[in-house]
>>> print(open('model03.cif').read())   # mmCIF, C-alpha atoms
data_structure
loop_
_atom_site.label_atom_id
_atom_site.label_comp_id
_atom_site.auth_asym_id
_atom_site.auth_seq_id
_atom_site.Cartn_x
_atom_site.Cartn_y
_atom_site.Cartn_z
CA MET E 144 285.25 -166.13 18.98
CA VAL E 145 285.94 -166.98 15.33
CA PRO E 146 284.08 -164.61 12.98
CA SER E 147 281.67 -166.15 10.54
CA PHE E 148 280.60 -164.58 7.19
CA SER E 149 278.77 -165.30 4.03
CA VAL E 150 281.05 -165.14 0.97
CA SER E 151 279.79 -161.70 -0.01
CA GLU E 152 280.20 -160.45 3.55
CA PHE E 153 283.69 -161.86 3.67
CA VAL E 154 284.66 -160.07 0.44
CA ALA E 155 283.20 -156.81 1.76
CA VAL E 156 285.00 -157.13 5.09
CA ILE E 157 288.33 -157.93 3.46
CA ASN E 158 287.96 -154.92 1.14
CA GLN E 159 287.13 -152.64 4.06
CA THR E 160 290.17 -153.97 5.89
CA LEU E 161 292.39 -153.46 2.85
CA GLU E 162 291.04 -149.97 2.36
CA LEU E 163 291.86 -149.06 5.92
CA ALA E 164 295.23 -150.71 5.99
CA PHE E 165 296.49 -150.18 2.39
CA ASN E 166 294.18 -147.91 0.49
CA SER E 167 296.91 -147.42 -2.10
CA VAL E 168 300.30 -149.04 -2.47
CA ASN E 169 303.41 -148.97 -4.64
CA ILE E 170 304.64 -152.43 -5.61
CA ASN E 171 307.91 -153.08 -7.41
CA GLY E 172 308.44 -156.19 -9.47
CA GLU E 173 308.92 -157.81 -12.84
CA LEU E 174 306.10 -157.91 -15.38
CA ALA E 175 304.71 -161.29 -16.39
CA ASN E 176 301.67 -162.49 -18.37
CA PHE E 177 301.10 -158.98 -19.70
CA HIS E 178 298.15 -158.84 -22.06
CA VAL E 179 295.55 -156.35 -23.29
CA SER E 180 291.95 -157.36 -23.87
CA LYS E 181 289.66 -155.63 -26.38
CA GLY E 182 292.24 -152.86 -26.79
CA LYS E 183 291.35 -151.45 -23.37
CA TRP E 184 291.63 -153.85 -20.41
CA VAL E 185 295.08 -154.68 -19.15
CA TYR E 186 296.05 -157.73 -17.14
CA PHE E 187 299.47 -158.62 -15.82
CA ASP E 188 301.28 -160.18 -12.89
CA LEU E 189 304.10 -158.68 -10.91
CA LYS E 190 306.53 -161.19 -9.59
CA ASP E 191 309.79 -161.56 -7.79
CA ASP E 192 311.74 -164.69 -6.83
CA GLU E 193 309.18 -165.87 -4.36
CA ALA E 194 305.77 -164.37 -5.12
CA SER E 195 303.40 -163.24 -7.85
CA VAL E 196 300.46 -160.80 -7.65
CA LYS E 197 297.73 -160.09 -10.24
CA PHE E 198 297.02 -156.58 -11.53
CA PHE E 199 294.16 -155.11 -13.50
CA GLY E 200 293.57 -151.72 -15.15
CA THR E 201 293.15 -149.86 -18.46
CA VAL E 202 295.60 -148.98 -21.26
CA TYR E 203 295.08 -145.28 -20.46
CA SER E 204 297.08 -145.72 -17.25
CA LEU E 205 300.12 -147.20 -19.02
CA PRO E 206 303.23 -145.12 -19.83
CA GLY E 207 303.50 -146.83 -23.26
CA PRO E 208 303.85 -150.32 -24.64
CA LEU E 209 305.04 -152.84 -22.02
CA LYS E 210 306.46 -156.32 -22.25
CA ASP E 211 307.06 -159.23 -19.91
CA GLY E 212 310.38 -159.03 -18.12
CA MET E 213 310.33 -155.26 -17.60
CA VAL E 214 310.89 -154.02 -14.06
CA VAL E 215 308.16 -151.61 -13.02
CA ARG E 216 306.70 -149.79 -10.08
CA VAL E 217 302.92 -150.00 -9.94
CA PHE E 218 300.73 -147.61 -7.99
CA GLY E 219 297.26 -148.97 -7.23
CA THR E 220 294.61 -150.16 -4.81
CA PRO E 221 294.46 -153.78 -3.65
CA ARG E 222 291.02 -155.32 -3.90
CA LEU E 223 289.33 -158.67 -3.53
CA HIS E 224 286.95 -159.13 -6.47
CA PRO E 225 283.73 -160.96 -5.67
CA ARG E 226 284.23 -163.33 -8.61
CA TYR E 227 287.82 -163.13 -9.84
CA GLY E 228 289.68 -163.07 -6.55
CA PHE E 229 292.50 -160.84 -5.36
CA SER E 230 294.12 -158.27 -7.64
CA VAL E 231 295.54 -154.78 -7.50
CA ASN E 232 293.68 -152.19 -9.57
CA PHE E 233 296.54 -150.15 -10.98
CA ILE E 234 296.38 -146.35 -11.33
CA SER E 235 299.80 -145.81 -12.87
CA VAL E 236 302.80 -147.84 -13.96
CA SER E 237 306.34 -146.45 -14.02
CA LEU E 238 309.32 -148.10 -15.53
CA THR E 239 312.29 -148.55 -13.26
CA GLY E 240 315.76 -149.70 -14.13
CA GLU E 241 317.62 -148.75 -17.32
CA GLY E 242 316.95 -152.13 -18.93
CA SER E 243 313.20 -151.63 -18.67
CA LEU E 244 313.35 -148.07 -19.88
CA LYS E 245 315.39 -149.16 -22.89
CA LYS E 246 313.04 -152.02 -23.66
CA ALA E 247 310.00 -149.75 -23.35
CA ALA E 248 311.62 -147.16 -25.59
CA ASP E 249 312.45 -149.84 -28.17
CA LEU E 250 308.88 -151.09 -28.19
CA LEU E 251 307.49 -147.58 -28.49
CA GLU E 252 309.99 -146.70 -31.20
CA ALA E 253 308.90 -149.69 -33.28
CA LYS E 254 305.24 -148.81 -32.83
CA LEU E 255 305.63 -145.11 -33.68
CA ALA E 256 307.98 -145.88 -36.57
CA ARG E 257 305.25 -148.08 -38.06
CA GLU E 258 302.93 -145.07 -37.84
CA GLY E 259 305.50 -142.96 -39.69
CA LEU E 260 306.13 -140.45 -36.89
CA PHE E 261 309.89 -140.50 -37.49
CA ASP E 262 309.76 -140.38 -41.30
CA ALA E 263 312.29 -138.08 -42.92
CA ASP E 264 309.70 -136.59 -45.26
CA ARG E 265 307.78 -135.21 -42.26
CA LYS E 266 310.70 -132.99 -41.30
CA ARG E 267 310.16 -129.30 -41.90
CA PRO E 268 312.86 -126.64 -42.13
CA LEU E 269 313.18 -124.31 -39.14
CA PRO E 270 312.89 -120.56 -39.72
CA TYR E 271 316.44 -119.18 -39.80
CA PRO E 272 316.69 -117.12 -37.73
CA PRO E 273 313.32 -117.35 -36.01
CA ASN E 274 311.37 -114.30 -34.82
CA CYS E 275 309.84 -115.92 -31.78
CA VAL E 276 310.91 -119.06 -29.93
CA GLY E 277 308.55 -121.11 -27.78
CA LEU E 278 310.98 -122.56 -25.26
CA VAL E 279 309.90 -125.58 -23.25
CA THR E 280 312.31 -126.29 -20.41
CA SER E 281 312.85 -125.91 -16.71
CA GLY E 282 313.12 -122.26 -15.69
CA GLU E 283 315.77 -123.09 -13.10
CA SER E 284 317.97 -125.37 -15.18
CA ALA E 285 321.55 -124.99 -16.31
CA GLY E 286 320.27 -126.06 -19.72
CA LEU E 287 318.18 -122.88 -19.96
CA ASN E 288 321.17 -120.73 -18.99
CA ASP E 289 323.36 -122.47 -21.56
CA PHE E 290 320.74 -122.03 -24.27
CA LEU E 291 320.19 -118.32 -23.54
CA LYS E 292 323.90 -117.61 -23.19
CA ILE E 293 324.76 -119.05 -26.59
CA LEU E 294 321.65 -117.54 -28.19
CA ASN E 295 322.47 -114.05 -26.85
CA ASN E 296 326.09 -114.37 -27.93
CA ARG E 297 325.14 -115.32 -31.44
CA TRP E 298 322.03 -113.33 -32.28
CA GLY E 299 319.53 -110.74 -31.08
CA GLY E 300 316.04 -109.41 -31.62
CA ILE E 301 314.33 -112.71 -30.84
CA LYS E 302 311.30 -112.93 -28.60
CA ILE E 303 311.56 -115.97 -26.34
CA MET E 304 308.44 -117.31 -24.66
CA LEU E 305 309.47 -119.57 -21.84
CA ALA E 306 307.17 -122.36 -20.70
CA ASP E 307 308.66 -123.29 -17.36
CA VAL E 308 307.98 -127.03 -17.00
CA GLN E 309 309.28 -130.02 -15.11
CA VAL E 310 311.64 -131.95 -17.37
CA GLN E 311 311.85 -135.08 -15.26
CA GLY E 312 309.56 -137.04 -13.01
CA GLU E 313 305.97 -138.05 -13.38
CA SER E 314 304.65 -134.52 -13.88
CA ALA E 315 307.09 -133.79 -16.72
CA PRO E 316 305.20 -135.47 -19.62
CA PRO E 317 301.82 -133.76 -19.11
CA GLN E 318 303.50 -130.39 -18.55
CA ILE E 319 305.62 -130.69 -21.67
CA VAL E 320 302.58 -131.77 -23.69
CA GLU E 321 300.54 -128.85 -22.38
CA ALA E 322 303.32 -126.37 -23.15
CA VAL E 323 303.69 -127.61 -26.74
CA GLU E 324 299.93 -127.55 -27.24
CA SER E 325 299.65 -124.07 -25.67
CA PHE E 326 302.16 -122.64 -28.13
CA ASN E 327 300.29 -124.27 -30.99
CA GLY E 328 297.04 -122.83 -29.72
CA MET E 329 298.29 -119.24 -29.65
CA ILE E 330 296.77 -116.90 -32.21
CA ASP E 331 299.21 -114.80 -34.13
CA LEU E 332 297.39 -111.48 -34.04
CA LEU E 333 300.60 -109.54 -34.52
CA GLN E 334 303.78 -110.68 -36.15
CA GLY E 335 305.86 -112.40 -33.49
CA GLY E 336 302.86 -113.04 -31.24
CA ARG E 337 303.11 -116.77 -31.73
CA PRO E 338 306.33 -118.80 -31.81
CA ASP E 339 307.56 -119.74 -35.25
CA VAL E 340 309.65 -122.51 -33.71
CA ILE E 341 309.31 -124.60 -30.54
CA VAL E 342 312.45 -125.68 -28.70
CA VAL E 343 312.15 -128.46 -26.12
CA THR E 344 315.35 -128.89 -24.19
CA ARG E 345 317.03 -130.05 -21.02
CA GLY E 346 320.54 -130.84 -19.91
CA GLY E 347 321.90 -134.34 -19.45
CA GLY E 348 320.80 -136.92 -16.93
CA SER E 349 320.39 -140.61 -16.31
CA ALA E 350 318.11 -142.70 -18.51
CA GLU E 351 315.46 -142.46 -15.82
CA ASP E 352 315.81 -138.66 -15.67
CA LEU E 353 315.27 -138.46 -19.41
CA ALA E 354 312.29 -140.83 -19.48
CA ALA E 355 309.85 -137.99 -20.20
CA PHE E 356 311.37 -137.66 -23.65
CA ASN E 357 310.50 -141.27 -24.43
CA ASN E 358 306.93 -140.77 -23.23
CA GLU E 359 304.36 -141.52 -25.90
CA ARG E 360 302.21 -138.44 -25.20
CA VAL E 361 305.23 -136.15 -25.37
CA ILE E 362 306.40 -137.74 -28.62
CA ARG E 363 302.96 -137.49 -30.18
CA ALA E 364 302.57 -133.84 -29.11
CA ILE E 365 305.91 -132.98 -30.71
CA ALA E 366 305.08 -134.90 -33.88
CA ALA E 367 301.66 -133.22 -34.07
CA SER E 368 302.98 -129.69 -33.55
CA ARG E 369 302.00 -127.37 -36.39
CA ILE E 370 304.92 -125.16 -35.39
CA PRO E 371 308.30 -126.66 -36.41
CA THR E 372 310.15 -128.24 -33.49
CA LEU E 373 313.73 -128.54 -32.29
CA VAL E 374 314.38 -131.00 -29.49
CA ALA E 375 317.70 -131.03 -27.68
CA ILE E 376 318.25 -133.46 -24.83
CA GLY E 377 321.73 -133.35 -23.43
CA HIS E 378 322.88 -136.93 -23.54
CA GLU E 379 325.30 -138.70 -25.75
CA ILE E 380 324.52 -142.41 -25.80
CA ASP E 381 321.00 -142.70 -27.18
CA THR E 382 318.71 -140.41 -29.07
CA SER E 383 315.38 -139.95 -27.32
CA LEU E 384 312.22 -140.66 -29.28
CA ALA E 385 311.10 -137.05 -28.78
CA GLU E 386 314.20 -135.96 -30.71
CA MET E 387 313.43 -138.46 -33.45
CA ALA E 388 309.90 -137.08 -33.77
CA ALA E 389 311.11 -133.46 -33.93
CA ASP E 390 311.81 -131.63 -37.16
CA LYS E 391 315.38 -131.11 -36.01
CA ARG E 392 317.44 -132.44 -33.13
CA ALA E 393 320.41 -131.00 -31.31
CA SER E 394 322.79 -132.71 -28.91
CA THR E 395 322.67 -130.14 -26.08
CA PRO E 396 320.85 -126.90 -25.19
CA SER E 397 323.92 -124.95 -26.40
CA ASN E 398 323.92 -126.88 -29.65
CA ALA E 399 320.20 -126.05 -30.05
CA ALA E 400 321.03 -122.33 -29.87
CA GLU E 401 323.82 -122.80 -32.41
CA ILE E 402 321.46 -124.54 -34.82
CA LEU E 403 318.66 -122.06 -34.29
CA VAL E 404 320.43 -118.80 -35.17
CA PRO E 405 323.40 -117.62 -37.22
CA ASP E 406 326.48 -116.14 -35.60
CA ARG E 407 326.31 -112.34 -35.72
CA ARG E 408 330.04 -112.16 -36.52
CA GLU E 409 329.57 -114.31 -39.59
CA ALA E 410 326.43 -112.37 -40.50
CA LEU E 411 328.40 -109.13 -40.18
CA LYS E 412 331.06 -110.49 -42.52
CA THR E 413 328.41 -111.55 -45.03
CA LEU E 414 326.83 -108.11 -44.73
CA GLU E 415 330.18 -106.40 -45.39
CA ASP E 416 330.61 -108.60 -48.47
CA ARG E 417 327.17 -107.56 -49.68
CA ALA E 418 327.92 -103.87 -48.99
CA GLY E 419 331.13 -104.29 -51.03
CA LEU E 420 329.17 -105.92 -53.85
CA LEU E 421 326.68 -103.04 -53.75
CA ASP E 422 329.54 -100.53 -54.14
CA GLU E 423 331.18 -102.54 -56.89
CA LEU E 424 328.02 -103.11 -58.91
CA THR E 425 326.93 -99.47 -58.68
CA GLY E 426 330.46 -98.28 -59.50
CA ARG E 427 330.56 -100.59 -62.49
CA ARG E 428 327.15 -99.43 -63.64
CA LEU E 429 328.18 -95.74 -63.40
CA PHE E 430 331.50 -96.49 -65.09
CA ASP E 431 329.57 -98.16 -67.90
CA ALA E 432 327.30 -95.13 -68.13
CA HIS E 433 330.34 -92.82 -68.22
CA LYS E 434 331.99 -94.97 -70.82
CA GLY E 435 328.79 -94.92 -72.86
CA LEU E 436 328.76 -91.14 -72.61
CA SER E 437 332.37 -90.91 -73.88
CA LEU E 438 331.54 -93.20 -76.75
CA ALA E 439 328.49 -91.10 -77.61
CA ARG E 440 330.60 -87.93 -77.49
CA ASP E 441 333.23 -89.48 -79.79
CA ARG E 442 330.54 -90.69 -82.16
CA LEU E 443 328.98 -87.23 -82.21
CA THR E 444 332.35 -85.62 -82.97
CA ASP E 445 332.95 -88.11 -85.76
CA LEU E 446 329.56 -87.38 -87.27
CA VAL E 447 330.15 -83.61 -87.18
CA ILE E 448 333.56 -84.00 -88.78
CA VAL E 449 332.19 -86.22 -91.55
CA ARG E 450 329.38 -83.75 -92.15
CA LEU E 451 331.77 -80.81 -92.28
CA LYS E 452 334.02 -82.67 -94.67
CA SER E 453 331.07 -83.47 -96.86
CA ILE E 454 329.99 -79.80 -96.88
CA ALA E 455 333.55 -78.74 -97.67
CA ALA E 456 333.77 -81.23 -100.55
CA SER E 457 330.46 -80.05 -101.94
CA LEU E 458 331.62 -76.42 -101.72
CA SER E 459 334.84 -77.27 -103.45
CA SER E 460 333.08 -78.97 -106.34
CA ARG E 461 330.75 -75.98 -106.76
CA GLN E 462 333.71 -73.70 -106.72
CA SER E 463 335.29 -75.74 -109.53
CA LEU E 464 332.06 -75.58 -111.49
CA LEU E 465 331.84 -71.85 -110.97
CA THR E 466 335.39 -71.43 -112.11
CA ALA E 467 334.72 -73.55 -115.15
CA LEU E 468 331.74 -71.35 -116.02
CA ASP E 469 333.69 -68.06 -115.71
CA PRO E 470 333.19 -66.21 -119.08
CA ALA E 471 336.65 -64.75 -118.81
CA LEU E 472 338.17 -68.16 -119.40
CA PRO E 473 337.18 -68.53 -123.13
CA ILE E 474 338.40 -64.96 -123.73
CA LYS E 475 341.72 -65.94 -122.20
CA ARG E 476 341.85 -68.92 -124.55
CA GLY E 477 341.42 -66.53 -127.59
CA TYR E 478 337.65 -66.17 -127.94
CA ALA E 479 336.24 -62.61 -128.07
CA ILE E 480 332.90 -61.03 -127.20
CA VAL E 481 331.44 -58.65 -129.77
CA ARG E 482 329.00 -56.00 -128.51
CA ALA E 483 326.93 -53.52 -130.47
CA ASN E 484 325.43 -50.68 -128.56
CA GLY E 485 326.50 -52.48 -125.35
CA ARG E 486 324.63 -55.70 -126.22
CA VAL E 487 326.31 -58.96 -127.06
CA VAL E 488 326.14 -59.81 -130.78
CA ARG E 489 325.04 -63.50 -130.87
CA ARG E 490 323.67 -63.57 -134.49
CA GLY E 491 324.26 -61.63 -137.71
CA ARG E 492 321.02 -59.72 -137.31
CA ASP E 493 322.12 -58.28 -133.96
CA THR E 494 324.21 -55.79 -136.01
CA ALA E 495 324.30 -54.22 -139.42
CA LYS E 496 326.81 -53.42 -142.14
CA GLY E 497 328.70 -50.24 -141.23
CA ALA E 498 327.73 -50.46 -137.54
CA ILE E 499 330.35 -49.67 -134.90
CA VAL E 500 331.03 -52.54 -132.56
CA SER E 501 333.39 -53.21 -129.67
CA ILE E 502 335.38 -56.44 -129.44
CA GLU E 503 336.43 -57.60 -125.97
CA VAL E 504 339.62 -59.64 -125.86
CA SER E 505 341.58 -60.81 -122.84
CA ASP E 506 343.42 -57.58 -122.24
CA ALA E 507 341.52 -54.89 -124.22
CA ASP E 508 338.37 -53.64 -125.86
CA ILE E 509 338.80 -53.05 -129.59
CA GLY E 510 336.59 -50.67 -131.57
CA ALA E 511 335.64 -51.82 -135.16
CA GLN E 512 333.19 -51.21 -138.00
CA VAL E 513 331.20 -54.01 -139.64
CA LYS E 514 332.17 -54.30 -143.29
CA SER E 515 329.98 -57.13 -144.40
CA ILE E 516 327.57 -59.81 -142.96
CA TYR E 517 327.22 -63.26 -144.52
CA ALA E 518 324.64 -65.79 -143.40
CA LYS E 519 326.03 -69.25 -142.55
CA MET H 290 303.09 -101.82 -38.48
CA PRO H 291 305.63 -104.24 -37.00
CA SER H 292 309.25 -103.57 -37.90
CA LYS H 293 310.77 -105.82 -40.49
CA SER H 294 312.80 -108.82 -39.47
CA TYR H 295 316.48 -109.23 -40.27
CA GLN H 296 315.55 -111.86 -42.83
CA GLN H 297 313.13 -109.51 -44.60
CA LEU H 298 315.69 -106.71 -44.73
CA GLU H 299 318.33 -109.13 -45.99
CA THR H 300 315.99 -110.36 -48.73
CA GLU H 301 315.36 -106.76 -49.81
CA LEU H 302 319.12 -106.16 -50.01
CA ASP H 303 319.56 -109.30 -52.10
CA GLU H 304 316.83 -108.15 -54.48
CA ILE H 305 318.59 -104.80 -54.93
CA ILE H 306 321.89 -106.54 -55.65
CA LEU H 307 320.12 -108.78 -58.17
CA LYS H 308 318.61 -105.74 -59.92
CA LEU H 309 321.99 -104.02 -60.03
CA GLN H 310 323.42 -107.11 -61.70
CA SER H 311 320.86 -106.79 -64.48
CA GLU H 312 320.58 -103.97 -67.03
CA VAL H 313 319.34 -100.91 -65.18
CA ASP H 314 319.92 -97.33 -66.26
CA ALA H 315 322.29 -95.12 -64.30
CA ASP H 316 319.51 -93.16 -62.55
CA ALA H 317 317.88 -96.37 -61.32
CA ALA H 318 321.30 -97.72 -60.26
CA VAL H 319 321.92 -94.65 -58.09
CA GLU H 320 318.46 -94.97 -56.49
CA LEU H 321 319.01 -98.68 -55.83
CA TYR H 322 322.41 -97.95 -54.34
CA LYS H 323 320.91 -95.41 -51.93
CA LYS H 324 318.25 -97.92 -50.83
CA GLY H 325 320.89 -100.64 -50.52
CA LEU H 326 323.09 -98.46 -48.30
CA LYS H 327 320.11 -97.71 -46.07
CA LEU H 328 319.42 -101.42 -45.69
CA VAL H 329 323.07 -102.19 -44.93
CA LYS H 330 322.97 -99.51 -42.23
CA GLU H 331 319.82 -100.99 -40.70
CA LEU H 332 321.19 -104.53 -40.80
CA ARG H 333 324.45 -103.38 -39.19
CA ARG H 334 322.52 -101.62 -36.46
CA PHE H 335 320.53 -104.82 -35.83
CA LEU H 336 323.69 -106.92 -35.55
CA ASP H 337 325.30 -104.40 -33.21
CA ASN H 338 322.38 -103.66 -30.93
CA ALA H 339 319.51 -106.15 -31.07
CA GLU H 340 318.90 -108.08 -27.87
CA ASN H 341 316.74 -111.08 -27.13
CA ALA H 342 313.77 -110.70 -24.81
CA VAL H 343 312.58 -113.52 -22.58
CA THR H 344 309.03 -113.58 -21.30
CA LYS H 345 307.77 -116.33 -19.06
CA LEU H 346 304.37 -117.76 -19.87
CA LYS H 347 301.88 -117.20 -17.11
CA ALA H 348 300.22 -120.57 -17.71
CA ASP H 349 300.56 -122.94 -14.79
CA PHE H 350 302.09 -126.12 -16.10
CA ASP H 351 302.56 -127.60 -12.69
CA ARG H 352 299.30 -129.47 -12.71
CA PRO H 353 298.85 -133.06 -11.60
CA GLU H 354 298.55 -135.57 -14.41
CA SER H 355 294.94 -136.13 -15.36
#
>>> encode(input="model03.cif", output="structure tokens")
Amino acid sequence: MVPSFSVSEFVAVINQTLELAFNSVNINGELANFHVSKGKWVYFDLKDDEASVKFFGTVYSLPGPLKDGMVVRVFGTPRLHPRYGFSVNFISVSLTGEGSLKKAADLLEAKLAREGLFDADRKRPLPYPPNCVGLVTSGESAGLNDFLKILNNRWGGIKIMLADVQVQGESAPPQIVEAVESFNGMIDLLQGGRPDVIVVTRGGGSAEDLAAFNNERVIRAIAASRIPTLVAIGHEIDTSLAEMAADKRASTPSNAAEILVPDRREALKTLEDRAGLLDELTGRRLFDAHKGLSLARDRLTDLVIVRLKSIAASLSSRQSLLTALDPALPIKRGYAIVRANGRVVRRGRDTAKGAIVSIEVSDADIGAQVKSIYAK
Amino acid sequence: MPSKSYQQLETELDEIILKLQSEVDADAAVELYKKGLKLVKELRRFLDNAENAVTKLKADFDRPES
């Protein structure tokens, strides 16, 4: 017997059948007629050489900007809409194929560049060396081993907080975002309690392996990090957008370690130079002080000598004066001193006619009697 | 009180060298020299012995995408 339905019944029956048979499906194909309505609703077709299927969903389920021609894998639930017919309600869209990944990255790059996320003036210097590193990578990876090996060889005393995350696959982007946000959310109660730099790294891989680092949420989380960021994705051909959004990029996990810290051998050499400078400067300062002391001593000696000479000269001149004033000198030149009763006769009245006087000459005292006195 | 970082110790040494390059009296120079030597010793010890410590965050990052 052929079943018979009303239209609504038919839609309900078909949806029940689809739900039982294909509750969710993955469909691979090329994007066509991609458009976004009111900034939220997304419509597109997936096609191959022979067929085309309609899809419907929201922008929140997209990995980033998409464009017709990209090859994608869509996860969703097929439904028959009571008014608009058959479509697949998509839950997630993944890019497949290097061409699509590249195109998606190019589109996203243009969009984020317009927002200024890659601007050079946003780049902050990294602490050098850092005290505490927030490391976002896979705990099992060779990249982690490379990073730690080089870091330990070059420097020490750093606290490394490892956020062990998936670095590829669908779960990688939300885990990386959560790790970056967790580090930013830490409160620095004690010095070194919160990373002063975040390093996001992984080793090389195919374009598909590295897709997480071109994921819009990851890029935005890195760009929004209040803690300076270093992103090192080990690949050589293209730079991932996450690296472009970081404050600093490195080519490999090892290179990240090299950029992050100085080499202890070089630091030791610099330290020895500084120790030498310390010796030299102090030695010079003490030499200067010693030299200053010698100069002061010489100056003091000079002053004493000058003073002594001055005293000697003064003594000599007094001696000359004393010599000049010696009363014996006039007597030697022929003058005589007359005394009466032992007192020097300076005027006529100091003696009297007939008085006995003594006359001192250079080599004798002569006794005499005054015969007459005439006033002058 | 957390111990000083290499960078902080290095900055202190640089400041001492800068002071020694300016006019300081001999007493101050000797004091600065003693402090400088102490810093050099500490910095050398850091370069010779300091090791990095890795701690793994306990947060579970392996959550399904919301």
>>> interface_residues(input="model03.cif", of="chain H", to="chain E", cutoff="9 Å", atoms="all atoms listed in the file", output="PyMOL selection string")
chain H and resi 291+294-296+299+302-303+305-306+309-310+312-315+318-319+321-322+325-326+329+332-333+335-355
>>> atom_distance(input="model03.cif", atom1="atom CA of Ser368 of chain E", atom2="atom CA of Thr239 of chain E")
29.2 Å
>>> residues_around(input="model03.cif", residues="segment 344-355 of chain E", least_positions_apart="5", cutoff="6 Å", atoms="only C-alpha atoms", output="list of chain:residue names")
E:Thr280, E:Gly286, E:Gln311, E:Pro316, E:Val374, E:Ala375, E:Ile376, E:Gly377, E:His378, E:Pro396
>>> axis_aligned_box(input="model03.cif", around="segment 330-342 of chain H", padding_each_side="6 Å", output="JSON")
{"center_x": 319.5, "center_y": -105.3, "center_z": -33.5, "size_x": 23.5, "size_y": 23.6, "size_z": 29.4}
>>> residues_near_point(input="model03.cif", point="(316.0, -150.8, -19.8)", cutoff="12 Å", atoms="only C-alpha atoms", output="count of residues only")
24
>>> atom_distance(input="model03.cif", atom1="atom CA of Phe290 of chain E", atom2="atom CA of Ser394 of chain E")
11.8 Å
>>> closest_residue(input="model03.cif", among="E:Ala498, E:Lys519, E:Leu269, E:Leu287", to="Leu403 of chain E", atoms="only C-alpha atoms")
E:Leu269
>>> resolve_selection(input="model03.cif", expression="the PyMOL selection byres ((chain E and resi 373) around 6)", output="ChimeraX atom specification")
/E:342,372,374,389,391-392
>>> atom_distance(input="model03.cif", atom1="atom CA of Glu359 of chain E", atom2="atom CA of Gly207 of chain E")
6.0 Å
>>> decode(input="model03.cif", residues="segment 309-347 of chain H", atoms="C-alpha atoms", output="PDB file, in the first residue's frame")
ATOM      1  CA  LEU H 309      82.708  54.775  40.121  1.00  0.00           C
ATOM      2  CA  GLN H 310      83.064  56.549  36.783  1.00  0.00           C
ATOM      3  CA  SER H 311      81.897  59.787  38.384  1.00  0.00           C
ATOM      4  CA  GLU H 312      83.688  61.783  41.083  1.00  0.00           C
ATOM      5  CA  VAL H 313      83.432  59.803  44.301  1.00  0.00           C
ATOM      6  CA  ASP H 314      85.830  60.049  47.215  1.00  0.00           C
ATOM      7  CA  ALA H 315      88.202  57.191  47.964  1.00  0.00           C
ATOM      8  CA  ASP H 316      86.181  55.888  50.943  1.00  0.00           C
ATOM      9  CA  ALA H 317      83.006  55.701  48.845  1.00  0.00           C
ATOM     10  CA  ALA H 318      84.967  54.057  46.005  1.00  0.00           C
ATOM     11  CA  VAL H 319      86.174  51.299  48.329  1.00  0.00           C
ATOM     12  CA  GLU H 320      82.625  50.716  49.624  1.00  0.00           C
ATOM     13  CA  LEU H 321      81.253  50.601  46.072  1.00  0.00           C
ATOM     14  CA  TYR H 322      83.987  48.192  45.059  1.00  0.00           C
ATOM     15  CA  LYS H 323      83.097  45.831  47.915  1.00  0.00           C
ATOM     16  CA  LYS H 324      79.407  45.908  46.922  1.00  0.00           C
ATOM     17  CA  GLY H 325      80.340  45.417  43.273  1.00  0.00           C
ATOM     18  CA  LEU H 326      82.469  42.365  44.069  1.00  0.00           C
ATOM     19  CA  LYS H 327      79.601  40.870  46.055  1.00  0.00           C
ATOM     20  CA  LEU H 328      77.262  41.346  43.105  1.00  0.00           C
ATOM     21  CA  VAL H 329      79.769  39.828  40.671  1.00  0.00           C
ATOM     22  CA  LYS H 330      80.032  36.810  42.978  1.00  0.00           C
ATOM     23  CA  GLU H 331      76.253  36.424  43.119  1.00  0.00           C
ATOM     24  CA  LEU H 332      75.884  36.791  39.356  1.00  0.00           C
ATOM     25  CA  ARG H 333      78.637  34.221  38.762  1.00  0.00           C
ATOM     26  CA  ARG H 334      76.948  31.810  41.121  1.00  0.00           C
ATOM     27  CA  PHE H 335      73.667  32.285  39.234  1.00  0.00           C
ATOM     28  CA  LEU H 336      75.309  31.584  35.874  1.00  0.00           C
ATOM     29  CA  ASP H 337      77.069  28.506  37.246  1.00  0.00           C
ATOM     30  CA  ASN H 338      74.224  26.948  39.198  1.00  0.00           C
ATOM     31  CA  ALA H 339      70.745  28.253  38.370  1.00  0.00           C
ATOM     32  CA  GLU H 340      68.401  25.708  36.850  1.00  0.00           C
ATOM     33  CA  ASN H 341      65.026  26.083  35.202  1.00  0.00           C
ATOM     34  CA  ALA H 342      61.979  24.574  36.858  1.00  0.00           C
ATOM     35  CA  VAL H 343      59.039  23.254  34.859  1.00  0.00           C
ATOM     36  CA  THR H 344      55.625  22.949  36.444  1.00  0.00           C
ATOM     37  CA  LYS H 345      52.666  21.625  34.535  1.00  0.00           C
ATOM     38  CA  LEU H 346      49.420  23.518  34.924  1.00  0.00           C
ATOM     39  CA  LYS H 347      46.715  21.427  36.493  1.00  0.00           C
TER      40      LYS H 347
END
